[in-house]
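Structure file my_file_1.tsv with TSV, N, CA and C atoms:
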```
chain	number	residue	atom	x	y	z
A	1	MET	N	25.73	-9.74	8.47
A	1	MET	CA	24.50	-8.97	8.57
A	1	MET	C	24.85	-7.48	8.60
A	2	PRO	N	24.16	-6.66	7.80
A	2	PRO	CA	24.50	-5.24	7.78
A	2	PRO	C	24.09	-4.53	9.06
A	3	ASP	N	24.83	-3.46	9.36
A	3	ASP	CA	24.50	-2.65	10.53
A	3	ASP	C	23.22	-1.85	10.33
A	4	SER	N	22.95	-1.48	9.07
A	4	SER	CA	21.73	-0.73	8.78
A	4	SER	C	21.25	-1.09	7.38
A	5	LEU	N	19.98	-0.86	7.15
A	5	LEU	CA	19.40	-1.14	5.85
A	5	LEU	C	19.67	0.01	4.89
A	6	SER	N	19.75	-0.31	3.62
A	6	SER	CA	19.85	0.76	2.63
A	6	SER	C	18.54	1.55	2.69
A	7	PRO	N	18.55	2.79	2.24
A	7	PRO	CA	17.31	3.58	2.27
A	7	PRO	C	16.17	2.90	1.50
A	8	MET	N	16.47	2.33	0.35
A	8	MET	CA	15.41	1.70	-0.43
A	8	MET	C	14.80	0.51	0.30
A	9	ILE	N	15.64	-0.30	0.91
A	9	ILE	CA	15.14	-1.47	1.64
A	9	ILE	C	14.36	-1.02	2.88
A	10	ALA	N	14.83	0.03	3.53
A	10	ALA	CA	14.10	0.55	4.69
A	10	ALA	C	12.70	1.02	4.28
A	11	TRP	N	12.61	1.73	3.15
A	11	TRP	CA	11.30	2.18	2.67
A	11	TRP	C	10.42	1.00	2.27
A	12	LEU	N	11.04	-0.01	1.71
A	12	LEU	CA	10.28	-1.21	1.35
A	12	LEU	C	9.71	-1.88	2.61
A	13	VAL	N	10.51	-1.99	3.64
A	13	VAL	CA	10.05	-2.59	4.90
A	13	VAL	C	8.87	-1.78	5.46
A	14	LEU	N	9.01	-0.47	5.48
A	14	LEU	CA	7.92	0.37	5.99
A	14	LEU	C	6.66	0.21	5.15
A	15	THR	N	6.82	0.12	3.84
A	15	THR	CA	5.67	-0.06	2.94
A	15	THR	C	4.99	-1.40	3.19
A	16	ILE	N	5.78	-2.45	3.39
A	16	ILE	CA	5.22	-3.77	3.66
A	16	ILE	C	4.47	-3.78	4.99
A	17	VAL	N	5.07	-3.21	6.01
A	17	VAL	CA	4.41	-3.17	7.33
A	17	VAL	C	3.12	-2.36	7.26
A	18	PHE	N	3.19	-1.20	6.63
A	18	PHE	CA	1.99	-0.36	6.48
A	18	PHE	C	0.89	-1.13	5.75
A	19	THR	N	1.23	-1.73	4.62
A	19	THR	CA	0.25	-2.48	3.83
A	19	THR	C	-0.31	-3.64	4.64
A	20	GLY	N	0.53	-4.27	5.43
A	20	GLY	CA	0.10	-5.40	6.25
A	20	GLY	C	-0.86	-5.02	7.36
A	21	LEU	N	-0.95	-3.73	7.69
A	21	LEU	CA	-1.84	-3.28	8.76
A	21	LEU	C	-3.12	-2.62	8.26
A	22	LEU	N	-3.26	-2.47	6.97
A	22	LEU	CA	-4.40	-1.73	6.42
A	22	LEU	C	-5.74	-2.43	6.64
A	23	TRP	N	-5.74	-3.70	6.96
A	23	TRP	CA	-6.99	-4.43	7.20
A	23	TRP	C	-7.61	-4.06	8.55
A	24	VAL	N	-6.81	-3.57	9.46
A	24	VAL	CA	-7.28	-3.37	10.84
A	24	VAL	C	-8.50	-2.44	10.93
A	25	PRO	N	-8.49	-1.24	10.32
A	25	PRO	CA	-9.66	-0.36	10.49
A	25	PRO	C	-10.97	-0.96	9.98
A	26	TYR	N	-10.95	-1.59	8.81
A	26	TYR	CA	-12.24	-2.08	8.30
A	26	TYR	C	-12.69	-3.35	8.99
A	27	ILE	N	-11.78	-4.12	9.55
A	27	ILE	CA	-12.19	-5.28	10.34
A	27	ILE	C	-12.74	-4.81	11.69
A	28	LEU	N	-12.12	-3.81	12.29
A	28	LEU	CA	-12.66	-3.26	13.53
A	28	LEU	C	-14.07	-2.69	13.31
A	29	GLU	N	-14.29	-2.07	12.14
A	29	GLU	CA	-15.62	-1.55	11.83
A	29	GLU	C	-16.63	-2.70	11.76
A	30	LEU	N	-16.25	-3.82	11.16
A	30	LEU	CA	-17.14	-4.98	11.13
A	30	LEU	C	-17.46	-5.46	12.54
A	31	LEU	N	-16.44	-5.56	13.37
A	31	LEU	CA	-16.64	-6.03	14.74
A	31	LEU	C	-17.57	-5.10	15.53
A	32	VAL	N	-17.39	-3.80	15.37
A	32	VAL	CA	-18.21	-2.84	16.09
A	32	VAL	C	-19.63	-2.80	15.52
A	33	HIS	N	-19.73	-2.79	14.20
A	33	HIS	CA	-21.04	-2.63	13.57
A	33	HIS	C	-21.93	-3.88	13.70
A	34	HIS	N	-21.32	-5.05	13.56
A	34	HIS	CA	-22.09	-6.30	13.57
A	34	HIS	C	-21.92	-7.11	14.85
A	35	GLY	N	-21.00	-6.70	15.69
A	35	GLY	CA	-20.72	-7.47	16.89
A	35	GLY	C	-19.72	-8.58	16.58
A	36	PRO	N	-18.93	-8.96	17.56
A	36	PRO	CA	-17.88	-9.95	17.32
A	36	PRO	C	-18.40	-11.30	16.83
A	37	ILE	N	-19.49	-11.78	17.38
A	37	ILE	CA	-19.99	-13.11	17.00
A	37	ILE	C	-20.37	-13.13	15.52
A	38	ASN	N	-21.18	-12.17	15.09
A	38	ASN	CA	-21.61	-12.13	13.69
A	38	ASN	C	-20.45	-11.85	12.75
A	39	ALA	N	-19.58	-10.95	13.13
A	39	ALA	CA	-18.45	-10.60	12.26
A	39	ALA	C	-17.49	-11.77	12.09
A	40	LEU	N	-17.28	-12.54	13.15
A	40	LEU	CA	-16.31	-13.63	13.09
A	40	LEU	C	-16.86	-14.93	12.53
A	41	ARG	N	-18.17	-15.05	12.43
A	41	ARG	CA	-18.71	-16.30	11.90
A	41	ARG	C	-19.14	-16.15	10.44
A	42	ASP	N	-18.48	-15.30	9.75
A	42	ASP	CA	-18.75	-15.05	8.33
A	42	ASP	C	-17.64	-15.69	7.50
A	43	PRO	N	-17.76	-16.98	7.18
A	43	PRO	CA	-16.66	-17.69	6.51
A	43	PRO	C	-16.38	-17.22	5.08
A	44	ASP	N	-17.35	-16.58	4.44
A	44	ASP	CA	-17.17	-16.17	3.05
A	44	ASP	C	-16.84	-14.68	2.90
A	45	GLY	N	-16.78	-13.97	3.99
A	45	GLY	CA	-16.53	-12.54	3.91
A	45	GLY	C	-17.69	-11.79	3.27
A	46	ALA	N	-18.88	-12.32	3.40
A	46	ALA	CA	-20.06	-11.74	2.75
A	46	ALA	C	-20.77	-10.70	3.59
A	47	ILE	N	-20.39	-10.56	4.85
A	47	ILE	CA	-21.04	-9.55	5.70
A	47	ILE	C	-20.78	-8.18	5.11
A	48	VAL	N	-21.81	-7.39	5.04
A	48	VAL	CA	-21.71	-6.05	4.47
A	48	VAL	C	-21.22	-5.08	5.54
A	49	HIS	N	-20.26	-4.25	5.16
A	49	HIS	CA	-19.79	-3.22	6.08
A	49	HIS	C	-20.91	-2.23	6.33
A	50	GLY	N	-20.96	-1.71	7.53
A	50	GLY	CA	-22.01	-0.78	7.90
A	50	GLY	C	-21.77	0.64	7.43
A	51	HIS	N	-20.52	0.96	7.09
A	51	HIS	CA	-20.18	2.33	6.69
A	51	HIS	C	-19.43	2.31	5.36
A	52	ALA	N	-19.73	3.31	4.55
A	52	ALA	CA	-19.08	3.41	3.23
A	52	ALA	C	-17.56	3.57	3.36
A	53	TRP	N	-17.09	4.26	4.40
A	53	TRP	CA	-15.65	4.45	4.55
A	53	TRP	C	-14.94	3.11	4.70
A	54	ALA	N	-15.57	2.15	5.36
A	54	ALA	CA	-14.95	0.84	5.56
A	54	ALA	C	-14.82	0.08	4.24
A	55	VAL	N	-15.82	0.22	3.39
A	55	VAL	CA	-15.76	-0.39	2.06
A	55	VAL	C	-14.61	0.24	1.27
A	56	ARG	N	-14.49	1.55	1.34
A	56	ARG	CA	-13.41	2.23	0.63
A	56	ARG	C	-12.06	1.85	1.22
A	57	ALA	N	-11.96	1.71	2.55
A	57	ALA	CA	-10.71	1.30	3.18
A	57	ALA	C	-10.29	-0.09	2.70
A	58	LYS	N	-11.26	-0.98	2.56
A	58	LYS	CA	-10.98	-2.32	2.07
A	58	LYS	C	-10.46	-2.28	0.63
A	59	ARG	N	-11.09	-1.45	-0.20
A	59	ARG	CA	-10.64	-1.31	-1.58
A	59	ARG	C	-9.25	-0.69	-1.65
A	60	ALA	N	-9.00	0.29	-0.80
A	60	ALA	CA	-7.68	0.92	-0.76
A	60	ALA	C	-6.63	-0.10	-0.34
A	61	HIS	N	-6.97	-0.97	0.61
A	61	HIS	CA	-6.06	-2.02	1.04
A	61	HIS	C	-5.74	-2.95	-0.13
A	62	TYR	N	-6.77	-3.39	-0.85
A	62	TYR	CA	-6.56	-4.27	-2.00
A	62	TYR	C	-5.67	-3.59	-3.03
A	63	ASN	N	-5.91	-2.30	-3.27
A	63	ASN	CA	-5.09	-1.57	-4.23
A	63	ASN	C	-3.64	-1.49	-3.77
A	64	ALA	N	-3.43	-1.31	-2.47
A	64	ALA	CA	-2.07	-1.25	-1.94
A	64	ALA	C	-1.36	-2.59	-2.12
A	65	VAL	N	-2.07	-3.69	-1.89
A	65	VAL	CA	-1.47	-5.02	-2.07
A	65	VAL	C	-1.13	-5.24	-3.54
A	66	GLU	N	-2.06	-4.88	-4.43
A	66	GLU	CA	-1.82	-5.06	-5.86
A	66	GLU	C	-0.58	-4.29	-6.32
A	67	ASN	N	-0.37	-3.11	-5.77
A	67	ASN	CA	0.78	-2.31	-6.16
A	67	ASN	C	2.06	-2.72	-5.45
A	68	LEU	N	1.94	-3.29	-4.27
A	68	LEU	CA	3.11	-3.80	-3.56
A	68	LEU	C	3.75	-4.94	-4.35
A	69	VAL	N	2.93	-5.69	-5.06
A	69	VAL	CA	3.43	-6.80	-5.88
A	69	VAL	C	4.37	-6.28	-6.97
A	70	LEU	N	4.18	-5.06	-7.40
A	70	LEU	CA	5.08	-4.45	-8.40
A	70	LEU	C	6.24	-3.72	-7.73
A	71	PHE	N	5.94	-2.98	-6.68
A	71	PHE	CA	6.95	-2.16	-6.02
A	71	PHE	C	8.06	-3.00	-5.39
A	72	ALA	N	7.69	-4.04	-4.66
A	72	ALA	CA	8.69	-4.83	-3.94
A	72	ALA	C	9.75	-5.44	-4.86
A	73	PRO	N	9.37	-6.13	-5.94
A	73	PRO	CA	10.42	-6.69	-6.79
A	73	PRO	C	11.28	-5.61	-7.46
A	74	LEU	N	10.68	-4.47	-7.78
A	74	LEU	CA	11.49	-3.40	-8.37
A	74	LEU	C	12.56	-2.93	-7.39
A	75	VAL	N	12.16	-2.70	-6.14
A	75	VAL	CA	13.13	-2.28	-5.12
A	75	VAL	C	14.19	-3.36	-4.91
A	76	LEU	N	13.75	-4.60	-4.80
A	76	LEU	CA	14.71	-5.68	-4.54
A	76	LEU	C	15.69	-5.87	-5.70
A	77	LEU	N	15.20	-5.74	-6.92
A	77	LEU	CA	16.10	-5.87	-8.07
A	77	LEU	C	17.08	-4.70	-8.15
A	78	VAL	N	16.60	-3.49	-7.97
A	78	VAL	CA	17.50	-2.33	-7.99
A	78	VAL	C	18.57	-2.49	-6.91
A	79	HIS	N	18.16	-2.92	-5.74
A	79	HIS	CA	19.11	-3.10	-4.64
A	79	HIS	C	20.08	-4.25	-4.92
A	80	ALA	N	19.56	-5.39	-5.34
A	80	ALA	CA	20.41	-6.57	-5.56
A	80	ALA	C	21.42	-6.34	-6.68
A	81	LEU	N	21.03	-5.58	-7.67
A	81	LEU	CA	21.93	-5.31	-8.80
A	81	LEU	C	22.83	-4.10	-8.54
A	82	LYS	N	22.75	-3.56	-7.33
A	82	LYS	CA	23.55	-2.41	-6.91
A	82	LYS	C	23.37	-1.21	-7.84
A	83	LEU	N	22.11	-0.94	-8.17
A	83	LEU	CA	21.75	0.17	-9.04
A	83	LEU	C	21.12	1.32	-8.27
A	84	GLU	N	21.20	1.25	-6.95
A	84	GLU	CA	20.58	2.25	-6.09
A	84	GLU	C	21.27	3.60	-6.28
A	85	THR	N	20.47	4.63	-6.44
A	85	THR	CA	20.96	6.01	-6.57
A	85	THR	C	20.12	6.89	-5.65
A	86	PRO	N	20.52	8.14	-5.48
A	86	PRO	CA	19.67	9.04	-4.71
A	86	PRO	C	18.26	9.14	-5.30
A	87	ALA	N	18.14	9.09	-6.62
A	87	ALA	CA	16.82	9.16	-7.26
A	87	ALA	C	15.97	7.94	-6.94
A	88	THR	N	16.57	6.75	-6.93
A	88	THR	CA	15.79	5.55	-6.63
A	88	THR	C	15.40	5.51	-5.16
A	89	ALA	N	16.31	5.98	-4.29
A	89	ALA	CA	15.98	6.02	-2.86
A	89	ALA	C	14.86	7.03	-2.60
A	90	THR	N	14.92	8.17	-3.28
A	90	THR	CA	13.86	9.18	-3.14
A	90	THR	C	12.54	8.63	-3.66
A	91	ALA	N	12.59	7.92	-4.78
A	91	ALA	CA	11.36	7.33	-5.34
A	91	ALA	C	10.75	6.32	-4.37
A	92	ALA	N	11.58	5.51	-3.73
A	92	ALA	CA	11.07	4.52	-2.78
A	92	ALA	C	10.42	5.20	-1.57
A	93	GLY	N	11.06	6.26	-1.07
A	93	GLY	CA	10.49	6.99	0.06
A	93	GLY	C	9.21	7.71	-0.33
A	94	ALA	N	9.21	8.33	-1.49
A	94	ALA	CA	8.02	9.02	-1.96
A	94	ALA	C	6.88	8.04	-2.17
A	95	TYR	N	7.20	6.85	-2.70
A	95	TYR	CA	6.18	5.83	-2.92
A	95	TYR	C	5.46	5.51	-1.60
A	96	PHE	N	6.24	5.32	-0.53
A	96	PHE	CA	5.64	5.03	0.77
A	96	PHE	C	4.66	6.13	1.16
A	97	TRP	N	5.07	7.39	1.08
A	97	TRP	CA	4.21	8.49	1.51
A	97	TRP	C	3.01	8.67	0.59
A	98	PHE	N	3.19	8.42	-0.71
A	98	PHE	CA	2.04	8.49	-1.62
A	98	PHE	C	1.03	7.39	-1.29
A	99	ARG	N	1.51	6.21	-0.91
A	99	ARG	CA	0.58	5.12	-0.55
A	99	ARG	C	-0.14	5.44	0.75
A	100	VAL	N	0.54	6.03	1.72
A	100	VAL	CA	-0.12	6.43	2.97
A	100	VAL	C	-1.22	7.45	2.66
A	101	ALA	N	-0.87	8.45	1.86
A	101	ALA	CA	-1.85	9.48	1.50
A	101	ALA	C	-2.99	8.87	0.67
A	102	HIS	N	-2.66	7.97	-0.24
A	102	HIS	CA	-3.68	7.33	-1.08
A	102	HIS	C	-4.70	6.60	-0.21
A	103	TYR	N	-4.22	5.85	0.78
A	103	TYR	CA	-5.12	5.12	1.67
A	103	TYR	C	-6.07	6.08	2.39
A	104	GLY	N	-5.50	7.15	2.94
A	104	GLY	CA	-6.33	8.11	3.67
A	104	GLY	C	-7.35	8.80	2.78
A	105	VAL	N	-6.91	9.23	1.62
A	105	VAL	CA	-7.79	9.94	0.69
A	105	VAL	C	-8.85	9.00	0.13
A	106	TYR	N	-8.45	7.78	-0.19
A	106	TYR	CA	-9.41	6.79	-0.71
A	106	TYR	C	-10.46	6.50	0.36
A	107	THR	N	-10.03	6.29	1.58
A	107	THR	CA	-10.95	6.00	2.68
A	107	THR	C	-11.92	7.16	2.92
A	108	LEU	N	-11.44	8.38	2.76
A	108	LEU	CA	-12.29	9.56	2.92
A	108	LEU	C	-13.22	9.79	1.73
A	109	GLY	N	-12.94	9.12	0.61
A	109	GLY	CA	-13.81	9.23	-0.56
A	109	GLY	C	-13.55	10.46	-1.42
A	110	LEU	N	-12.28	10.82	-1.58
A	110	LEU	CA	-11.91	11.98	-2.40
A	110	LEU	C	-11.33	11.49	-3.73
A	111	PRO	N	-12.18	11.30	-4.74
A	111	PRO	CA	-11.77	10.58	-5.95
A	111	PRO	C	-10.66	11.22	-6.77
A	112	PHE	N	-10.68	12.51	-7.04
A	112	PHE	CA	-9.68	13.10	-7.92
A	112	PHE	C	-8.30	13.12	-7.28
A	113	ILE	N	-8.25	13.46	-6.01
A	113	ILE	CA	-6.98	13.46	-5.29
A	113	ILE	C	-6.43	12.04	-5.22
A	114	ARG	N	-7.33	11.07	-5.01
A	114	ARG	CA	-6.93	9.66	-4.97
A	114	ARG	C	-6.21	9.27	-6.26
A	115	THR	N	-6.74	9.69	-7.39
A	115	THR	CA	-6.15	9.35	-8.68
A	115	THR	C	-4.77	9.98	-8.84
A	116	VAL	N	-4.64	11.23	-8.44
A	116	VAL	CA	-3.34	11.91	-8.52
A	116	VAL	C	-2.31	11.19	-7.66
A	117	LEU	N	-2.69	10.78	-6.46
A	117	LEU	CA	-1.77	10.08	-5.57
A	117	LEU	C	-1.40	8.72	-6.15
A	118	PHE	N	-2.37	8.03	-6.73
A	118	PHE	CA	-2.08	6.74	-7.37
A	118	PHE	C	-1.06	6.93	-8.50
A	119	LEU	N	-1.28	7.93	-9.34
A	119	LEU	CA	-0.38	8.19	-10.46
A	119	LEU	C	1.02	8.59	-9.97
A	120	ALA	N	1.08	9.33	-8.87
A	120	ALA	CA	2.39	9.70	-8.30
A	120	ALA	C	3.12	8.45	-7.82
A	121	GLY	N	2.40	7.52	-7.19
A	121	GLY	CA	3.01	6.26	-6.79
A	121	GLY	C	3.48	5.46	-8.00
A	122	PHE	N	2.68	5.47	-9.06
A	122	PHE	CA	3.08	4.80	-10.29
A	122	PHE	C	4.35	5.42	-10.86
A	123	ALA	N	4.46	6.75	-10.81
A	123	ALA	CA	5.66	7.43	-11.28
A	123	ALA	C	6.89	6.97	-10.49
A	124	CYS	N	6.73	6.76	-9.20
A	124	CYS	CA	7.84	6.25	-8.38
A	124	CYS	C	8.26	4.85	-8.84
A	125	GLN	N	7.27	4.02	-9.14
A	125	GLN	CA	7.58	2.69	-9.66
A	125	GLN	C	8.29	2.82	-11.01
A	126	ALA	N	7.87	3.77	-11.82
A	126	ALA	CA	8.49	3.98	-13.14
A	126	ALA	C	9.95	4.38	-13.00
A	127	VAL	N	10.28	5.20	-12.01
A	127	VAL	CA	11.68	5.57	-11.77
A	127	VAL	C	12.52	4.32	-11.53
A	128	LEU	N	12.01	3.42	-10.73
A	128	LEU	CA	12.73	2.17	-10.43
A	128	LEU	C	12.84	1.29	-11.68
A	129	ALA	N	11.74	1.16	-12.40
A	129	ALA	CA	11.74	0.33	-13.60
A	129	ALA	C	12.68	0.91	-14.66
A	130	LEU	N	12.68	2.21	-14.82
A	130	LEU	CA	13.58	2.84	-15.81
A	130	LEU	C	15.03	2.66	-15.43
A	131	ARG	N	15.33	2.67	-14.14
A	131	ARG	CA	16.71	2.43	-13.68
A	131	ARG	C	17.14	1.02	-14.09
A	132	LEU	N	16.24	0.07	-13.96
A	132	LEU	CA	16.55	-1.31	-14.36
A	132	LEU	C	16.66	-1.44	-15.88
A	133	LEU	N	15.76	-0.80	-16.58
A	133	LEU	CA	15.76	-0.90	-18.05
A	133	LEU	C	16.99	-0.22	-18.65
A	134	ALA	N	17.54	0.77	-17.95
A	134	ALA	CA	18.72	1.50	-18.45
A	134	ALA	C	19.94	0.60	-18.56
A	135	VAL	N	19.97	-0.49	-17.82
A	135	VAL	CA	21.17	-1.35	-17.84
A	135	VAL	C	20.97	-2.61	-18.69
A	136	LEU	N	19.84	-2.70	-19.37
A	136	LEU	CA	19.63	-3.86	-20.24
A	136	LEU	C	20.53	-3.84	-21.44
```
Would you mind writing the file's structure down as structure tokens?
Amino acid sequence: MPDSLSPMIAWLVLTIVFTGLLWVPYILELLVHHGPINALRDPDGAIVHGHAWAVRAKRAHYNAVENLVLFAPLVLLVHALKLETPATATAAGAYFWFRVAHYGVYTLGLPFIRTVLFLAGFACQAVLALRLLAVL
């Protein structure tokens, strides 16, 4: 067992943990807005959020999960194939911070900034993908 994680794996862990917690604010909003009984007895998830920010937070969470599906295997492949470089480690760290900012901006409802942050996160994924494609 290693004494410490590589930078890329550490950023991946932080990204996974962050993404795994993004449901908390919008579920708390449901509990507060509708009360625990009503919020918890909604088997289909059809209860409407009381605030627009909660709807946006839910969408931001879904977007984070959709992108984690791409980011995680890229990081794992770069690491497993021992292709990690300072650029790939920087891309992994930047990806985490772009996703944190994307969630906040999306939840606040700032559309243009949200798109820029999404594209910056995509660029980080592209750095990892290009590193893998370079050795084909």
Cut-off 6.5 Å around (15.2, 6.3, -0.8) with all atoms listed in the file: residues as a PDB file with N, CA and C atoms, in the frame of the given file:
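Once everything was written out, this is result.pdb:
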```
ATOM      1  N   PRO A   7      18.550   2.790   2.240  1.00  0.00           N
ATOM      2  CA  PRO A   7      17.310   3.580   2.270  1.00  0.00           C
ATOM      3  C   PRO A   7      16.170   2.900   1.500  1.00  0.00           C
ATOM      4  N   MET A   8      16.470   2.330   0.350  1.00  0.00           N
ATOM      5  CA  MET A   8      15.410   1.700  -0.430  1.00  0.00           C
ATOM      6  C   MET A   8      14.800   0.510   0.300  1.00  0.00           C
ATOM      7  N   PRO A  86      20.520   8.140  -5.480  1.00  0.00           N
ATOM      8  CA  PRO A  86      19.670   9.040  -4.710  1.00  0.00           C
ATOM      9  C   PRO A  86      18.260   9.140  -5.300  1.00  0.00           C
ATOM     10  N   ALA A  87      18.140   9.090  -6.620  1.00  0.00           N
ATOM     11  CA  ALA A  87      16.820   9.160  -7.260  1.00  0.00           C
ATOM     12  C   ALA A  87      15.970   7.940  -6.940  1.00  0.00           C
ATOM     13  N   THR A  88      16.570   6.750  -6.930  1.00  0.00           N
ATOM     14  CA  THR A  88      15.790   5.550  -6.630  1.00  0.00           C
ATOM     15  C   THR A  88      15.400   5.510  -5.160  1.00  0.00           C
ATOM     16  N   ALA A  89      16.310   5.980  -4.290  1.00  0.00           N
ATOM     17  CA  ALA A  89      15.980   6.020  -2.860  1.00  0.00           C
ATOM     18  C   ALA A  89      14.860   7.030  -2.600  1.00  0.00           C
ATOM     19  N   THR A  90      14.920   8.170  -3.280  1.00  0.00           N
ATOM     20  CA  THR A  90      13.860   9.180  -3.140  1.00  0.00           C
ATOM     21  C   THR A  90      12.540   8.630  -3.660  1.00  0.00           C
ATOM     22  N   ALA A  91      12.590   7.920  -4.780  1.00  0.00           N
ATOM     23  CA  ALA A  91      11.360   7.330  -5.340  1.00  0.00           C
ATOM     24  C   ALA A  91      10.750   6.320  -4.370  1.00  0.00           C
ATOM     25  N   ALA A  92      11.580   5.510  -3.730  1.00  0.00           N
ATOM     26  CA  ALA A  92      11.070   4.520  -2.780  1.00  0.00           C
ATOM     27  C   ALA A  92      10.420   5.200  -1.570  1.00  0.00           C
ATOM     28  N   GLY A  93      11.060   6.260  -1.070  1.00  0.00           N
ATOM     29  CA  GLY A  93      10.490   6.990   0.060  1.00  0.00           C
ATOM     30  C   GLY A  93       9.210   7.710  -0.330  1.00  0.00           C
ATOM     31  N   ALA A  94       9.210   8.330  -1.490  1.00  0.00           N
ATOM     32  CA  ALA A  94       8.020   9.020  -1.960  1.00  0.00           C
ATOM     33  C   ALA A  94       6.880   8.040  -2.170  1.00  0.00           C
TER      34      ALA A  94
END
```
- Query: Nearest to A:Phe71 among A:Ile47, A:Gly104, A:His33, A:Gln125, with distances taken over all atoms listed in the file: which residue is it?
  - Reply: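 Smallest separation from A:Phe71 among the options: A:Gln125.
The spacing separating atom N of A:His102 from atom C of A:Leu81 amounts to 29.4 Å.
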- Figure out the distance between atom N of A:Arg99 and atom CA of A:Leu28, please, to one decimal in Å.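 Between atom CA of A:Leu28 and atom N of A:Arg99 the gap works out to 22.3 Å.
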- Residues near A:Ala57, cut-off 6.5 Å, all atoms listed in the file, skip fewer than 6 positions along chain, as a PyMOL selection string: chain A and resi 22+26+106-107
- Query: Between atom C of A:Leu108 and atom CA of A:Leu70, what is the spacing in Å?
  - Reply: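 Taking atom CA of A:Leu70 as the start and atom C of A:Leu108 as the end point, the length is 25.3 Å.
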- Item | Residue among A:Phe112, A:Val75, A:Ala64, A:Phe96 lying closest to A:Ala126, counting only C-alpha atoms | A:Val75
- Item | Nearest-residue call for A:Ile113, choices A:Pro73, A:Ala101, A:Asn63, A:Arg56, using all atoms listed in the file |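 Closest to A:Ile113 of all the choices is A:Ala101.
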Could the centre and edge lengths of an axis-aligned box, enclosing all atoms of stretch 20-30 of chain A in the file with 5 Å extra on each side, be given in Å to one decimal as lines of an AutoDock Vina configuration file?
```
center_x = -8.5
center_y = -2.9
center_z = 9.5
size_x = 28.0
size_y = 15.1
size_z = 18.1
```
- Residues flagged alpha helix (DSSP H) by DSSP in chain A, as a ChimeraX atom specification: /A:7-21,23-34,36-40,52-80,86-108,111-133
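Using all atoms listed in the file, the nearest neighbour of A:Pro25 within the list A:Ala129, A:Cys124, A:Ala80, A:Ala54 is A:Ala54.
Among the candidates A:Arg114, A:Gly121, A:Leu77, A:Ile37, the one nearest to A:Tyr95 when counting all atoms listed in the file is A:Gly121.
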